[in-house]
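S.K.: Below are the structure tokens for one structure; questions will follow.
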Amino acid sequence: MRWQSDPLLVVEHLTMRFGGLVAVNDLSFSAGRGDITALIGPNGAGKTTVFNCVTGFYKPTEGRLSLARQGKAAAADIEALTKTGKRHALTPSGDLYLLERMPDHQISWHARVARTFQNIRLFQGMTVLENLLVAQHNPLMIASGFTVLGLVGIGGYRAREREAIEKAKFWLDRIGLIPRADDPAGELPYGAQRRLEIARAMCTDPVLLCLDEPAAGLNPRESSDLNELLRTIRADHATSVLLIEHDMSVVMEISDHIVVLDYGLKISDGTPDEVRNDQKVIAAYLGVADEEVEQIEAEIGA
Amino acid sequence: MATTTDALKSTASSGAFSLSSVTAALKDGGFAGLVTLGLSFPIVALRAEQDMSNQLILQQRWSWSLIAAAAVFAVRFLVVLVRGRPRTVAAGIPIPAPPRPAVAPSRASVLFTRYIGALGILVLFAFPLVILKVLGPAGSLKWINNYGVQILIYVMLGWGLNIVVGLAGLLDLGYVAFYAVGAYSYALLSTTLGLSFWLCLPLAGLLAALWGVLLGFPVLRLRGDYLAIVTLAFGEIIRIILINWTDLTNGYAGISGIPRATLFGVPFTDTPNGFAATAQALLGHWFHHIRYQSIQRTIFLFYLILCLALLTNFVTMRLRRMPMGRAWEALREDEIACRSLGINTTTTKLTAFALGAMFAGFAGSFFSVRQGFVSPESFTFIESATILAIVVLGGMGSQLGVAFAALVMIGGTEILRELEWTKQIFGSDFDPAQYRMLIFGFGMVVMMIWRPRGIVSTREPSIFLKEKKAVSGSLVREGHG
Ligand SMILES: Nc1ncnc2c1ncn2[C@@H]1O[C@H](COP(=O)(O)OP(=O)(O)OP(=O)(O)O)[C@@H](O)[C@H]1O
Ligand SMILES: [Mg+2]
């Protein structure tokens, strides 16, 4: 179980309240380095809220989100960092970040957590290529001497920009959009927009990629292409994936680890096989009390 | 709905107008007439005028109001009858027009946009000399000063505001505040400390940029209407400070006697060290009889503002192709996505405010060196509105469109001042320039119907792999403000 032996992200006692509504309630789980971890649950279970907490868009009401960028952090190191009140520490195993203390843009830039959105958020009026260059804003900004040097033409900005274009081309090739590189993102068909959003997130060189329902609205063929893309991302780019998905065929096929949420509570956590056979999960998905599950299973012949 | 379908049917069967289409037109025209009546009676039908003893007398001009209503009715009736009802239902919910395919601009228009800029610059550099040759010093003053310099100031201000509104998508209604900061910076620094224009110019830009950041901080969290209101208030605050801080700014009376600009120390005066004499001494070998003429200074000012405006353009065009400029445009498209990609939206917004303000500061110090006098009167809200109108009319984000809109709006104002012949028709106390706002308002309405995204409605990508394709304006967001 990699999420126990070498966790990348450790979520502890995460609670998010909106006024009286508890969207996420004392949630603890971890995502293993190199794993595809799926976060599933019925509508309104609080999955997107977890993403928003991990990526800094919401500040959690309670809880700790620690991310060990290069290797498993010792529990003592995490405790020490928590006590100091700082966001980041350099531990023997590498960089350690406490995400709940960081603003969203720093989580992306320093802790290297990238994300996509449930309702696609591309820069519609900019071209596909421009979208991928905006994703490389920070390294390009440094290369341009924070614009000052680049403006007067000193330094290696041109060369760095060419590198950025090469990287964009690599990802465009991956998602099959090279022929449409100069078209506005808003003109792409829906499936291509979904893929572009993933490519854009990958251009930030993330260690953790959070995908919010990437297969929503895709046809079966596009859906299987997506599975393929996610597998290569994990295999070739040292990027772990945290995935919210309703499509069980996608979830069961590609994930190594599944966490199930219902009304903000974790009701199951384990390998796909364990979760598939968990009574509580079946009950949550069918919307019945635990005792009735067997009866219903018998009825539907499961 | 019934009337809509009827009207559509009637347009389909072209030829004689059916009864239903006439009733629809009557209904529509009658409604428009009633609205006109309602709107016009407080401003047209009732008019208060002072009599000899300063008492207000209410005059009633109901016939005017009725004539206006009848005219609107007639026009609306005819329009609806001929063209059919517009595609809106009574409840005001527009029926979505069928999606128009984004038309790729033709090859000719691509070439046009590529070379019109270069051509325009050439024409502008030749303009004062050609005019001088053709019309002589006396006749050309009006053209170089009233048209040339005046329009170029607004081109520059439009380009500056375009960074904030057009690229970063932040609606700024108080842009004139930075223009004022620039103007007063030069006025004060030169009259009190005796600093030269060339030293004050960058200082004025820096001070304005500083104020841009100061304004930027409190409004960072605001969006849309709220941002607009706060920037509007900021513009007014600056003006009111200028009025009330009389110790420093001399209040309403303003600051006069601001030193004129020199060409790197050579003044434009009729003295032995003046421009004419210096030029004679240096170039007398080739040119004979270079004599002092006051037009020389105007021409110098023309080239000065031309260079400043081109600098604004150059910097903006270059920034658009750099990470900073792309981040501005990305911010306009989707701020949340920007943050998810590690872009610090706070600094990105502040740089847009600061840079836009800096160019206004440059323009402001040019304004005071040109006039030799500044007062708060010159920095009222209507100036902000004019500059914003130029940006919107030009097509948000488009440099060429903004330049063109400034030409039309400011040039148009100047032309209105000169329509002497209208006095022969409407009487000698008729002043066409007073109708400027009415005409602009009308022009704006027509433009927004005809080209809602401005004169240049496409966005030019900042980079391309194989082929540069203009992005249709319908895809480009206007930002959240
Ligand atoms: N900003 C917010 N303010 C108030 N309530 C919120 C906010 N964001 C989410 N919620 C509430 O929190 C609960 C969980 O929402 P969330 O979007 O996380 O669900 P989800 O699991 O992503 O559902 P779905 O599968 O429909 O996307 C919902 O009841 C939602 O209404
Ligand atoms: Mg969701």
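In the structure tokens, each chain is lettered A, B, ... as it comes, each chain's residues begin at 1, and ligands are numbered from 1 in order of appearance.
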Check every protein, DNA and RNA residue against ligand 2, keep those with an atom at most 10 Å away (counting only C-alpha atoms and all ligand atoms), and present them as a list of chain:residue names.
M.R.: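 Checked against 10 Å with only C-alpha atoms and all ligand atoms; the hits are A:Ile40, A:Gly41, A:Pro42, A:Asn43, A:Gly44, A:Ala45, A:Gly46, A:Lys47, A:Thr48, A:Thr49, A:Val50, A:Phe51, A:Asn52, A:Phe117, A:Gln118, A:Asn119, A:Asp212, A:Glu213, A:Ile244, A:Glu245, A:His246.
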S.K.: I need the residues from that last selection saved to file as a CSV table (one decimal), in the first residue's frame (with N, CA, C and O atoms), if you can.
M.R.:
chain,number,residue,atom,x,y,z
A,40,ILE,N,-14.3,9.5,-4.6
A,40,ILE,CA,-15.6,9.3,-5.2
A,40,ILE,C,-16.7,9.6,-4.1
A,40,ILE,O,-16.4,9.7,-3.0
A,41,GLY,N,-17.9,9.7,-4.6
A,41,GLY,CA,-19.0,9.9,-3.7
A,41,GLY,C,-20.2,10.5,-4.4
A,41,GLY,O,-20.0,11.0,-5.5
A,42,PRO,N,-21.4,10.4,-3.8
A,42,PRO,CA,-22.6,11.0,-4.5
A,42,PRO,C,-22.5,12.5,-4.7
A,42,PRO,O,-21.6,13.1,-4.1
A,43,ASN,N,-23.4,13.1,-5.4
A,43,ASN,CA,-23.4,14.5,-5.6
A,43,ASN,C,-23.5,15.2,-4.3
A,43,ASN,O,-24.3,14.8,-3.4
A,44,GLY,N,-22.7,16.3,-4.2
A,44,GLY,CA,-22.8,17.1,-2.9
A,44,GLY,C,-22.0,16.4,-1.8
A,44,GLY,O,-22.2,16.9,-0.6
A,45,ALA,N,-21.2,15.4,-2.0
A,45,ALA,CA,-20.6,14.7,-0.9
A,45,ALA,C,-19.4,15.5,-0.4
A,45,ALA,O,-19.0,15.3,0.8
A,46,GLY,N,-18.9,16.5,-1.1
A,46,GLY,CA,-17.9,17.4,-0.6
A,46,GLY,C,-16.5,17.1,-1.3
A,46,GLY,O,-15.5,17.6,-0.9
A,47,LYS,N,-16.6,16.5,-2.5
A,47,LYS,CA,-15.3,16.1,-3.2
A,47,LYS,C,-14.6,17.4,-3.7
A,47,LYS,O,-13.4,17.6,-3.5
A,48,THR,N,-15.4,18.2,-4.4
A,48,THR,CA,-14.8,19.5,-4.9
A,48,THR,C,-14.3,20.3,-3.8
A,48,THR,O,-13.3,21.0,-4.0
A,49,THR,N,-15.0,20.3,-2.7
A,49,THR,CA,-14.6,21.1,-1.6
A,49,THR,C,-13.2,20.6,-1.1
A,49,THR,O,-12.3,21.5,-0.7
A,50,VAL,N,-13.0,19.3,-1.0
A,50,VAL,CA,-11.6,18.8,-0.7
A,50,VAL,C,-10.6,19.3,-1.6
A,50,VAL,O,-9.5,19.8,-1.2
A,51,PHE,N,-10.9,19.3,-2.9
A,51,PHE,CA,-10.0,19.8,-3.9
A,51,PHE,C,-9.6,21.3,-3.7
A,51,PHE,O,-8.5,21.7,-3.7
A,52,ASN,N,-10.7,22.0,-3.4
A,52,ASN,CA,-10.5,23.5,-3.2
A,52,ASN,C,-9.7,23.7,-1.9
A,52,ASN,O,-8.9,24.7,-1.9
A,117,PHE,N,-10.8,22.0,-13.4
A,117,PHE,CA,-12.0,22.4,-12.8
A,117,PHE,C,-13.2,21.6,-13.3
A,117,PHE,O,-13.2,21.1,-14.4
A,118,GLN,N,-14.2,21.4,-12.4
A,118,GLN,CA,-15.4,20.6,-12.8
A,118,GLN,C,-16.0,21.3,-14.1
A,118,GLN,O,-16.4,20.5,-15.0
A,119,ASN,N,-16.2,22.6,-14.0
A,119,ASN,CA,-16.6,23.3,-15.3
A,119,ASN,C,-15.4,23.9,-15.9
A,119,ASN,O,-14.8,24.8,-15.3
A,212,ASP,N,-10.8,17.3,-11.5
A,212,ASP,CA,-12.2,17.3,-11.1
A,212,ASP,C,-13.1,16.8,-12.2
A,212,ASP,O,-13.4,17.6,-13.1
A,213,GLU,N,-13.5,15.6,-12.1
A,213,GLU,CA,-14.4,15.0,-13.1
A,213,GLU,C,-13.9,15.2,-14.6
A,213,GLU,O,-14.6,15.8,-15.4
A,244,ILE,N,-11.3,13.1,-9.1
A,244,ILE,CA,-12.7,13.0,-8.7
A,244,ILE,C,-13.4,12.4,-10.0
A,244,ILE,O,-13.2,13.0,-11.1
A,245,GLU,N,-14.2,11.4,-9.8
A,245,GLU,CA,-14.9,10.9,-11.0
A,245,GLU,C,-16.2,10.1,-10.7
A,245,GLU,O,-16.2,9.4,-9.7
A,246,HIS,N,-17.2,10.4,-11.5
A,246,HIS,CA,-18.4,9.7,-11.3
A,246,HIS,C,-18.5,8.4,-12.1
A,246,HIS,O,-19.2,7.4,-11.8
S.K.: For chain B, report every residue with an atom at most 7 Å from chain A (counting only C-alpha atoms), formatted as a CSV table (one decimal) with N, CA and C atoms, in the first residue's frame.
M.R.:
chain,number,residue,atom,x,y,z
B,318,ARG,N,5.2,45.1,-26.9
B,318,ARG,CA,6.2,44.1,-26.4
B,318,ARG,C,5.8,43.4,-25.2
B,323,PRO,N,5.6,37.2,-20.6
B,323,PRO,CA,4.8,36.6,-19.7
B,323,PRO,C,3.8,37.5,-18.9
B,324,MET,N,4.3,38.7,-18.6
B,324,MET,CA,3.5,39.7,-17.9
B,324,MET,C,2.2,40.0,-18.7
B,326,ARG,N,0.8,38.4,-21.1
B,326,ARG,CA,0.0,37.2,-21.3
B,326,ARG,C,-0.8,37.0,-20.0
B,327,ALA,N,-0.1,37.2,-18.8
B,327,ALA,CA,-0.8,37.0,-17.6
B,327,ALA,C,-2.0,38.0,-17.4
B,330,ALA,N,-4.7,36.7,-19.5
B,330,ALA,CA,-5.3,35.5,-18.9
B,330,ALA,C,-6.2,35.9,-17.7
B,333,GLU,N,-9.4,36.8,-18.9
B,333,GLU,CA,-10.2,35.7,-19.3
B,333,GLU,C,-10.7,34.9,-18.1
B,334,ASP,N,-9.9,34.6,-17.2
B,334,ASP,CA,-10.3,33.8,-16.0
B,334,ASP,C,-9.4,33.9,-14.9
B,337,ALA,N,-8.6,30.5,-12.9
B,337,ALA,CA,-7.7,29.6,-13.6
B,337,ALA,C,-6.2,30.1,-13.5
B,339,ARG,N,-4.9,31.7,-11.0
B,339,ARG,CA,-4.4,31.4,-9.6
B,339,ARG,C,-4.0,29.9,-9.6
B,340,SER,N,-4.8,29.1,-10.3
B,340,SER,CA,-4.5,27.6,-10.2
B,340,SER,C,-3.2,27.3,-11.0
B,341,LEU,N,-2.8,28.3,-11.8
B,341,LEU,CA,-1.5,28.1,-12.5
B,341,LEU,C,-0.3,28.8,-11.9
B,342,GLY,N,-0.5,29.2,-10.7
B,342,GLY,CA,0.6,29.8,-9.9
B,342,GLY,C,0.8,31.3,-10.2
B,343,ILE,N,-0.1,32.0,-10.9
B,343,ILE,CA,0.0,33.4,-11.2
B,343,ILE,C,-0.4,34.2,-10.0
B,344,ASN,N,0.4,35.1,-9.5
B,344,ASN,CA,0.0,35.9,-8.4
B,344,ASN,C,-0.8,37.0,-8.9
B,461,PRO,N,-3.4,37.1,-31.6
B,461,PRO,CA,-2.7,36.3,-30.6
B,461,PRO,C,-1.3,36.8,-30.4
B,463,ILE,N,1.3,35.0,-29.9
B,463,ILE,CA,2.4,34.1,-30.4
B,463,ILE,C,1.7,33.0,-31.2
B,464,PHE,N,2.4,32.5,-32.2
B,464,PHE,CA,1.8,31.4,-33.0
B,464,PHE,C,2.8,30.4,-33.4
B,465,LEU,N,2.3,29.2,-33.7
B,465,LEU,CA,3.1,28.1,-34.1
B,465,LEU,C,3.3,28.1,-35.6
B,467,GLU,N,0.6,29.6,-38.0
B,467,GLU,CA,-0.1,30.7,-38.7
B,467,GLU,C,-0.8,31.6,-37.7
B,468,LYS,N,-0.7,32.9,-37.9
B,468,LYS,CA,-1.4,33.8,-37.0
B,468,LYS,C,-2.8,34.0,-37.4
B,469,LYS,N,-3.7,33.5,-36.5
B,469,LYS,CA,-5.1,33.6,-36.8
B,469,LYS,C,-5.8,34.5,-35.8
B,471,VAL,N,-8.4,36.0,-33.3
B,471,VAL,CA,-9.4,35.4,-32.5
B,471,VAL,C,-10.6,36.2,-32.5
B,475,LEU,N,-15.3,35.3,-28.6
B,475,LEU,CA,-14.7,34.4,-27.6
B,475,LEU,C,-14.0,35.1,-26.5
B,476,VAL,N,-13.6,36.4,-26.8
B,476,VAL,CA,-12.7,37.1,-25.9
B,476,VAL,C,-13.6,37.7,-24.8
B,477,ARG,N,-13.2,37.4,-23.5
B,477,ARG,CA,-13.9,38.0,-22.4
B,477,ARG,C,-13.6,39.5,-22.3
S.K.: Go through B:Ala25, B:Leu232, B:Val35, B:Ala261 one by one, measure the shortest atom-to-atom distance of each to Leu199 in chain B using only C-alpha atoms, and give the residue with the smallest value.
M.R.: B:Ala261
S.K.: Quick one: pick out all alpha helix (DSSP H) residues within range 17-117 of chain A from a backbone DSSP run and write them as a PDB file with N, CA and C atoms, in the first residue's frame.
M.R.:
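Listed below is the output, part.pdb:
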ATOM      1  N   LYS A  47     -16.573  16.455  -2.494  1.00  0.00           N
ATOM      2  CA  LYS A  47     -15.327  16.135  -3.197  1.00  0.00           C
ATOM      3  C   LYS A  47     -14.637  17.390  -3.722  1.00  0.00           C
ATOM      4  N   THR A  48     -15.407  18.237  -4.416  1.00  0.00           N
ATOM      5  CA  THR A  48     -14.808  19.459  -4.950  1.00  0.00           C
ATOM      6  C   THR A  48     -14.292  20.346  -3.822  1.00  0.00           C
ATOM      7  N   THR A  49     -15.000  20.322  -2.702  1.00  0.00           N
ATOM      8  CA  THR A  49     -14.557  21.121  -1.552  1.00  0.00           C
ATOM      9  C   THR A  49     -13.191  20.641  -1.064  1.00  0.00           C
ATOM     10  N   VAL A  50     -12.969  19.316  -1.045  1.00  0.00           N
ATOM     11  CA  VAL A  50     -11.650  18.796  -0.670  1.00  0.00           C
ATOM     12  C   VAL A  50     -10.588  19.327  -1.623  1.00  0.00           C
ATOM     13  N   PHE A  51     -10.895  19.309  -2.924  1.00  0.00           N
ATOM     14  CA  PHE A  51      -9.951  19.834  -3.915  1.00  0.00           C
ATOM     15  C   PHE A  51      -9.646  21.304  -3.658  1.00  0.00           C
ATOM     16  N   ASN A  52     -10.707  22.044  -3.376  1.00  0.00           N
ATOM     17  CA  ASN A  52     -10.508  23.474  -3.152  1.00  0.00           C
ATOM     18  C   ASN A  52      -9.652  23.726  -1.916  1.00  0.00           C
ATOM     19  N   CYS A  53      -9.748  22.849  -0.937  1.00  0.00           N
ATOM     20  CA  CYS A  53      -8.888  22.996   0.241  1.00  0.00           C
ATOM     21  C   CYS A  53      -7.446  22.621  -0.092  1.00  0.00           C
ATOM     22  N   VAL A  54      -7.269  21.526  -0.829  1.00  0.00           N
ATOM     23  CA  VAL A  54      -5.921  21.074  -1.166  1.00  0.00           C
ATOM     24  C   VAL A  54      -5.211  22.110  -2.034  1.00  0.00           C
ATOM     25  N   ALA A  75       7.117  11.713  10.620  1.00  0.00           N
ATOM     26  CA  ALA A  75       6.032  12.321  11.395  1.00  0.00           C
ATOM     27  C   ALA A  75       6.572  13.433  12.278  1.00  0.00           C
ATOM     28  N   ALA A  76       7.785  13.234  12.815  1.00  0.00           N
ATOM     29  CA  ALA A  76       8.374  14.240  13.704  1.00  0.00           C
ATOM     30  C   ALA A  76       8.617  15.553  12.948  1.00  0.00           C
ATOM     31  N   ASP A  77       9.039  15.438  11.679  1.00  0.00           N
ATOM     32  CA  ASP A  77       9.291  16.643  10.880  1.00  0.00           C
ATOM     33  C   ASP A  77       8.002  17.426  10.662  1.00  0.00           C
ATOM     34  N   ILE A  78       6.926  16.685  10.377  1.00  0.00           N
ATOM     35  CA  ILE A  78       5.648  17.356  10.143  1.00  0.00           C
ATOM     36  C   ILE A  78       5.204  18.070  11.409  1.00  0.00           C
ATOM     37  N   GLU A  79       5.338  17.389  12.540  1.00  0.00           N
ATOM     38  CA  GLU A  79       4.958  18.005  13.806  1.00  0.00           C
ATOM     39  C   GLU A  79       5.782  19.260  14.068  1.00  0.00           C
ATOM     40  N   ALA A  80       7.099  19.139  13.820  1.00  0.00           N
ATOM     41  CA  ALA A  80       7.980  20.290  14.066  1.00  0.00           C
ATOM     42  C   ALA A  80       7.564  21.474  13.210  1.00  0.00           C
ATOM     43  N   LEU A  81       7.280  21.205  11.928  1.00  0.00           N
ATOM     44  CA  LEU A  81       6.884  22.302  11.033  1.00  0.00           C
ATOM     45  C   LEU A  81       5.561  22.907  11.492  1.00  0.00           C
ATOM     46  N   THR A  82       4.638  22.055  11.915  1.00  0.00           N
ATOM     47  CA  THR A  82       3.336  22.563  12.364  1.00  0.00           C
ATOM     48  C   THR A  82       3.515  23.524  13.528  1.00  0.00           C
ATOM     49  N   LYS A  83       4.455  23.186  14.431  1.00  0.00           N
ATOM     50  CA  LYS A  83       4.659  24.034  15.615  1.00  0.00           C
ATOM     51  C   LYS A  83       5.268  25.381  15.243  1.00  0.00           C
ATOM     52  N   THR A  84       6.138  25.410  14.235  1.00  0.00           N
ATOM     53  CA  THR A  84       6.810  26.672  13.928  1.00  0.00           C
ATOM     54  C   THR A  84       5.854  27.711  13.361  1.00  0.00           C
ATOM     55  N   ASP A 104      -3.359  30.071  -2.848  1.00  0.00           N
ATOM     56  CA  ASP A 104      -3.495  29.187  -4.012  1.00  0.00           C
ATOM     57  C   ASP A 104      -2.330  29.243  -5.005  1.00  0.00           C
ATOM     58  N   HIS A 105      -1.889  30.479  -5.354  1.00  0.00           N
ATOM     59  CA  HIS A 105      -0.859  30.526  -6.395  1.00  0.00           C
ATOM     60  C   HIS A 105       0.463  29.958  -5.903  1.00  0.00           C
ATOM     61  N   GLN A 106       0.712  30.053  -4.589  1.00  0.00           N
ATOM     62  CA  GLN A 106       1.957  29.476  -4.074  1.00  0.00           C
ATOM     63  C   GLN A 106       1.894  27.956  -4.032  1.00  0.00           C
TER      64      GLN A 106
END
S.K.: Within 8 Å of Val72 in chain B, counting only C-alpha atoms, which residues qualify if same-chain residues fewer than 5 places away don't, as a compact mmCIF listing (two decimals) with N, CA, C and O atoms, in the first residue's frame?
M.R.:
# COMPACT_ATOMS: atom_id res chain seq x y z
N GLY B 29 -44.60 50.92 -32.67
CA GLY B 29 -44.40 52.36 -32.83
C GLY B 29 -45.10 53.12 -31.72
O GLY B 29 -44.55 54.07 -31.14
N ALA B 32 -43.08 52.89 -28.55
CA ALA B 32 -41.89 53.74 -28.59
C ALA B 32 -42.29 55.20 -28.43
O ALA B 32 -41.63 55.98 -27.73
N GLY B 33 -43.41 55.59 -29.08
CA GLY B 33 -43.88 56.97 -28.97
C GLY B 33 -44.23 57.33 -27.54
O GLY B 33 -43.86 58.40 -27.05
N THR B 36 -41.16 57.84 -25.51
CA THR B 36 -40.57 59.14 -25.82
C THR B 36 -41.32 60.25 -25.10
O THR B 36 -40.71 61.17 -24.53
S.K.: When DSSP is applied to the backbone of this structure, which of range 71-260 of chain A are assigned strand (DSSP E or B)? Write them out as a ChimeraX atom specification.
M.R.: /A:88-91,94-98,113-115,127,184,208-212,240-244,257-260
S.K.: Set the distance at 9 Å and use only C-alpha atoms: which residues neighbour Met317 in chain B once local chain neighbours fewer than 6 positions away are removed? I'd like the list as a list in words.
M.R.: Gly325, Gln399 and Ser462 of chain B
S.K.: Mind writing the picked residues with N, CA and C atoms as a tab-separated table (two decimals), in the first residue's frame?
M.R.:
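Output contents, as saved in part-v6.tsv:
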chain	number	residue	atom	x	y	z
B	325	GLY	N	2.39	40.33	-19.96
B	325	GLY	CA	1.24	40.71	-20.77
B	325	GLY	C	0.27	39.55	-20.95
B	399	GLN	N	-4.67	48.07	-30.27
B	399	GLN	CA	-3.93	49.33	-30.33
B	399	GLN	C	-4.41	50.19	-31.50
B	462	SER	N	-0.74	36.54	-29.24
B	462	SER	CA	0.57	37.09	-28.94
B	462	SER	C	1.69	36.22	-29.49
S.K.: For the atom pair CA of Glu222 in chain A and CA of Gly191 in chain A, what is the interatomic distance in Å to one decimal place?
M.R.: 6.8 Å
S.K.: Between CA of Thr15 in chain A and atom 17 (O, counted along the ligand's line) of ligand 1, what is the spacing in Å?
M.R.: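 Rounded to one decimal, the two atoms are 14.0 Å apart.
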S.K.: Work out how far CA of Thr458 in chain B is from CA of Ala470 in chain B, in Å to one decimal.
M.R.: 6.0 Å
S.K.: Could you check the closest approach to Tyr97 in chain A for each of A:Leu8, A:Ile175, A:Met1, A:Leu14 and tell me which residue wins, using only C-alpha atoms?
M.R.: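 Using only C-alpha atoms, the shortest distance to Tyr97 in chain A belongs to A:Leu8.
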S.K.: Extract, using only C-alpha atoms, all DNA, RNA and protein residues at most 8 Å from Leu393 in chain B, discarding same-chain residues fewer than 3 positions from it, and format them as a PyMOL selection string.
M.R.: chain B and resi 389-390+396+401-402+405+444+447+453-455
S.K.: Do you know which residues are at most 8 Å from range 68-70 of chain A counting only C-alpha atoms, after dropping those on the same chain fewer than 6 positions away, and could you put them as a PyMOL selection string?
M.R.: chain A and resi 7-9+93-97+111+207
